[in-house]
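Next comes upload.txt, with compact mmCIF, C-alpha atoms.
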```
# COMPACT_ATOMS: atom_id res chain seq x y z
CA MET Z 1 -219.38 24.13 233.66
CA ALA Z 2 -217.28 21.86 235.87
CA ARG Z 3 -213.84 20.72 234.86
CA ASP Z 4 -213.42 17.11 233.86
CA GLN Z 5 -211.01 15.27 236.09
CA ILE Z 6 -208.47 13.02 234.48
CA LYS Z 7 -206.88 10.22 236.49
CA VAL Z 8 -203.27 9.39 235.76
CA PRO Z 9 -200.84 7.10 237.57
CA PHE Z 10 -198.42 8.58 240.06
CA GLY Z 11 -195.32 10.00 238.35
CA TYR Z 12 -196.98 10.30 234.95
CA GLU Z 13 -195.42 12.83 232.65
CA PRO Z 14 -197.00 13.74 229.33
CA PRO Z 15 -195.02 12.59 226.30
CA ALA Z 16 -192.65 15.13 224.82
CA GLU Z 17 -193.88 16.93 221.74
CA THR Z 18 -192.15 15.41 218.74
CA HIS Z 19 -192.92 18.13 216.22
CA LYS Z 20 -191.53 21.63 216.12
CA GLY Z 21 -193.25 24.77 214.94
CA THR Z 22 -193.03 26.72 211.72
CA VAL Z 23 -190.18 27.55 209.36
CA PHE Z 24 -190.44 30.67 207.18
CA LEU Z 25 -188.44 30.65 203.96
CA PHE Z 26 -187.45 34.14 202.72
CA GLU Z 27 -186.05 34.02 199.21
CA THR Z 28 -186.53 35.26 195.64
CA PHE Z 29 -187.25 31.67 194.47
CA GLU Z 30 -186.46 32.55 190.86
CA ASP Z 31 -183.54 30.12 190.66
CA TRP Z 32 -184.98 27.35 192.83
CA THR Z 33 -185.27 23.91 191.29
CA GLU Z 34 -187.00 20.67 192.26
CA THR Z 35 -183.71 19.41 193.68
CA GLU Z 36 -183.39 22.32 196.12
CA LEU Z 37 -187.05 22.11 197.09
CA HIS Z 38 -186.79 18.36 197.77
CA ALA Z 39 -183.62 18.93 199.79
CA PHE Z 40 -185.41 21.63 201.82
CA THR Z 41 -188.48 19.47 202.49
CA ARG Z 42 -186.30 16.48 203.41
CA TRP Z 43 -184.37 18.67 205.86
CA ALA Z 44 -187.61 20.09 207.33
CA GLU Z 45 -189.08 16.61 207.75
CA GLU Z 46 -185.90 15.39 209.47
CA ARG Z 47 -186.10 18.35 211.84
CA LYS Z 48 -189.79 17.49 212.42
CA PHE Z 49 -191.32 20.83 211.49
CA VAL Z 50 -195.10 20.99 211.28
CA ARG Z 51 -195.32 23.69 208.63
CA ALA Z 52 -193.15 25.52 206.10
CA ILE Z 53 -194.22 28.89 204.73
CA PHE Z 54 -192.60 30.07 201.52
CA TYR Z 55 -192.46 33.85 201.44
CA PRO Z 56 -191.38 35.31 198.08
CA GLN Z 57 -190.64 38.99 198.30
CA HIS Z 58 -191.88 41.72 196.00
CA GLU Z 59 -189.37 43.14 193.53
CA GLU Z 60 -189.60 46.55 195.23
CA THR Z 61 -188.50 44.97 198.52
CA LEU Z 62 -185.67 43.15 196.75
CA ARG Z 63 -184.59 46.34 194.99
CA ARG Z 64 -184.41 48.24 198.29
CA MET Z 65 -182.37 45.39 199.76
CA ASP Z 66 -179.98 45.44 196.76
CA ILE Z 67 -180.81 41.85 195.87
CA PRO Z 68 -180.83 41.26 192.11
CA CYS Z 69 -183.96 39.67 190.66
CA GLN Z 70 -184.78 39.15 186.98
CA LEU Z 71 -188.36 37.88 187.17
CA PRO Z 72 -191.36 39.87 188.44
CA TYR Z 73 -193.12 38.80 191.64
CA TYR Z 74 -196.03 36.98 189.99
CA ALA Z 75 -193.76 34.98 187.66
CA ARG Z 76 -191.72 33.83 190.65
CA VAL Z 77 -194.89 32.91 192.54
CA LYS Z 78 -196.17 30.91 189.57
CA HIS Z 79 -192.82 29.10 189.30
CA LEU Z 80 -192.88 28.31 193.03
CA GLU Z 81 -196.49 27.09 192.88
CA SER Z 82 -195.59 24.65 190.10
CA LEU Z 83 -192.66 23.37 192.17
CA LEU Z 84 -194.81 22.96 195.29
CA GLU Z 85 -197.42 20.94 193.38
CA GLN Z 86 -194.79 18.32 192.55
CA VAL Z 87 -193.56 17.79 196.11
CA ASP Z 88 -194.78 14.76 198.03
CA THR Z 89 -194.32 15.41 201.74
CA THR Z 90 -196.01 15.06 205.10
CA LEU Z 91 -195.02 18.64 205.86
CA GLN Z 92 -197.68 21.33 205.46
CA LEU Z 93 -196.32 23.59 202.70
CA ASP Z 94 -197.88 27.03 202.31
CA LEU Z 95 -197.16 29.89 199.96
CA ASP Z 96 -197.79 33.31 201.49
CA LYS Z 97 -198.69 35.97 198.91
CA TRP Z 98 -199.23 38.85 201.32
CA GLU Z 99 -196.36 40.89 199.94
CA GLY Z 100 -197.84 40.61 196.44
CA LYS Z 101 -201.07 42.15 197.72
CA ARG Z 102 -199.15 45.07 199.21
CA LYS Z 103 -197.33 45.73 195.91
CA LYS Z 104 -194.67 47.83 197.60
CA TYR Z 105 -191.62 47.65 199.82
CA THR Z 106 -192.22 45.62 202.94
CA PRO Z 107 -189.57 45.74 205.70
CA ILE Z 108 -188.49 42.34 207.00
CA ASP Z 109 -189.72 43.37 210.48
CA THR Z 110 -193.23 43.86 209.14
CA SER Z 111 -193.12 40.53 207.32
CA LEU Z 112 -191.86 38.64 210.36
CA LYS Z 113 -194.45 40.27 212.64
CA PHE Z 114 -197.21 39.33 210.19
CA LEU Z 115 -196.01 35.72 209.89
CA THR Z 116 -195.29 35.09 213.58
CA ASP Z 117 -198.64 36.52 214.67
CA LYS Z 118 -200.61 34.05 212.57
CA THR Z 119 -198.61 30.82 213.09
CA PRO Z 120 -197.79 28.67 216.12
CA ALA Z 121 -194.35 28.92 217.73
CA PRO Z 122 -191.50 28.05 217.78
CA HIS Z 123 -190.50 30.02 214.70
CA PHE Z 124 -187.50 29.44 212.45
CA VAL Z 125 -186.45 31.84 209.68
CA CYS Z 126 -184.65 30.25 206.77
CA MET Z 127 -182.84 32.58 204.35
CA SER Z 128 -179.84 32.56 202.07
CA ASP Z 129 -176.44 33.74 203.23
CA ARG Z 130 -176.94 36.91 201.20
CA TYR Z 131 -180.23 37.69 203.00
CA ALA Z 132 -178.75 36.84 206.40
CA ASN Z 133 -175.88 39.28 205.92
CA LEU Z 134 -178.43 42.03 205.25
CA PHE Z 135 -180.77 40.99 208.06
CA VAL Z 136 -177.99 41.09 210.67
CA THR Z 137 -177.30 44.76 209.86
CA TYR Z 138 -180.88 45.89 210.59
CA PRO Z 139 -181.46 47.58 213.97
CA SER Z 140 -184.29 45.19 214.84
CA PHE Z 141 -182.11 42.09 214.36
CA LYS Z 142 -181.29 41.98 218.10
CA GLU Z 143 -184.97 41.66 219.02
CA TRP Z 144 -185.80 39.14 216.29
CA ILE Z 145 -182.87 36.80 216.93
CA LYS Z 146 -184.20 36.36 220.47
CA LYS Z 147 -187.65 35.37 219.16
CA VAL Z 148 -186.72 33.19 216.18
CA ARG Z 149 -183.92 30.82 215.24
CA LEU Z 150 -182.08 31.63 212.03
CA VAL Z 151 -181.28 28.97 209.46
CA ILE Z 152 -178.83 30.19 206.83
CA ILE Z 153 -178.78 28.48 203.44
CA ASN Z 154 -175.25 28.35 202.08
CA GLN Z 155 -176.45 29.29 198.59
CA PHE Z 156 -174.13 32.04 197.38
CA HIS Z 157 -171.11 30.99 199.47
CA VAL Z 158 -170.47 34.53 200.72
CA PRO Z 159 -168.67 35.04 204.04
CA LEU Z 160 -171.11 35.60 206.89
CA HIS Z 161 -171.28 38.91 208.74
CA GLY Z 162 -169.13 39.04 211.88
CA LYS Z 163 -172.06 40.25 213.99
CA LEU Z 164 -173.59 36.76 213.69
CA ASN Z 165 -170.84 35.42 215.97
CA ASP Z 166 -172.47 37.24 218.90
CA TYR Z 167 -175.54 35.00 218.45
CA ALA Z 168 -173.82 31.74 217.48
CA GLU Z 169 -176.28 29.62 219.49
CA ARG Z 170 -179.29 31.09 217.63
CA TRP Z 171 -178.37 30.18 214.03
CA GLU Z 172 -177.05 27.36 211.90
CA VAL Z 173 -175.91 26.88 208.30
CA VAL Z 174 -177.41 24.30 205.92
CA ASP Z 175 -176.68 23.49 202.29
CA PHE Z 176 -179.54 22.41 200.01
CA GLY Z 177 -177.61 22.62 196.74
CA ASN Z 178 -175.98 19.23 197.20
CA GLY Z 179 -178.92 17.56 198.94
CA SER Z 180 -177.50 17.69 202.49
```

Translate this file's structure into structure tokens.
Amino acid sequence: MARDQIKVPFGYEPPAETHKGTVFLFETFEDWTETELHAFTRWAEERKFVRAIFYPQHEETLRRMDIPCQLPYYARVKHLESLLEQVDTTLQLDLDKWEGKRKKYTPIDTSLKFLTDKTPAPHFVCMSDRYANLFVTYPSFKEWIKKVRLVIINQFHVPLHGKLNDYAERWEVVDFGNGS
């Protein structure tokens, strides 16, 4: 089959893409409220993301990461689903339940590989300051920070790990608690 030829005027440049890729949100979601979810979606719309994937982690994963969690996985998923139903946004919001199907510890590397393989780039990983401090200590952090941009939610107001300073151009801090 022959290629179709397209005629364009001399000097034509295609318009720049106005929408970015996908943002993955790693969190327990047990203490999230409508206010935080609206602040997140407003931020994602301002940044012109196409899609946001909420990725609640299984309690076994959280336990191995030393992150306290009161509610079981399915209760947190149900809570998040009810919050997502109430959000009115142009952003495509998805809830990924893959870790619930596994029902065991899932390393963050495995989760990121799974998510990045099935979604279009560029990829942004959004996690709380507590998660980010753990993520930066993992051996695979060096490889992942080159592939994704890190967005740190200033949720627990803990000081950030010093190793993050080596990659200052690859991460940023946002605060959804006060709607900014």

Give me the box for segment 61-66 of chain Z as lines of an AutoDock Vina configuration file, namely the centre and edge lengths in Å to one decimal of a box along x, y and z that holds every listed atom plus 3 Å on each side.
```
center_x = -184.2
center_y = 45.7
center_z = 197.4
size_x = 14.5
size_y = 11.1
size_z = 10.8
```

Nearest to Pro120 of chain Z, chosen from Z:Tyr167, Z:Tyr105, Z:Phe141, Z:Phe49, with all atoms listed in the file counted in the distances: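 Closest residue, counting all atoms listed in the file: Z:Phe49.
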
Closest of Z:Phe114, Z:Phe24, Z:Thr90, Z:Lys78 to Glu45 of chain Z - atom-to-atom distances counting all atoms listed in the file: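 Using all atoms listed in the file, Glu45 of chain Z sits closest to Z:Thr90.
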
Near Lys147 of chain Z, counting all atoms listed in the file, which residues have an atom at most 9 Å away, once you skip same-chain residues fewer than 5 positions from it, shown as a tab-separated table (two decimals) with C-alpha atoms, in the coordinates of the input?
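After the write, out23.tsv holds the following:
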```tsv
chain	number	residue	atom	x	y	z
Z	122	PRO	CA	-191.50	28.05	217.78
Z	123	HIS	CA	-190.50	30.02	214.70
Z	124	PHE	CA	-187.50	29.44	212.45
```

Pick from Z:Arg63, Z:Thr106, Z:Gln155, Z:Thr89 nearest to Phe29 of chain Z, counting all atoms listed in the file: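 Nearest to Phe29 of chain Z: Z:Gln155.
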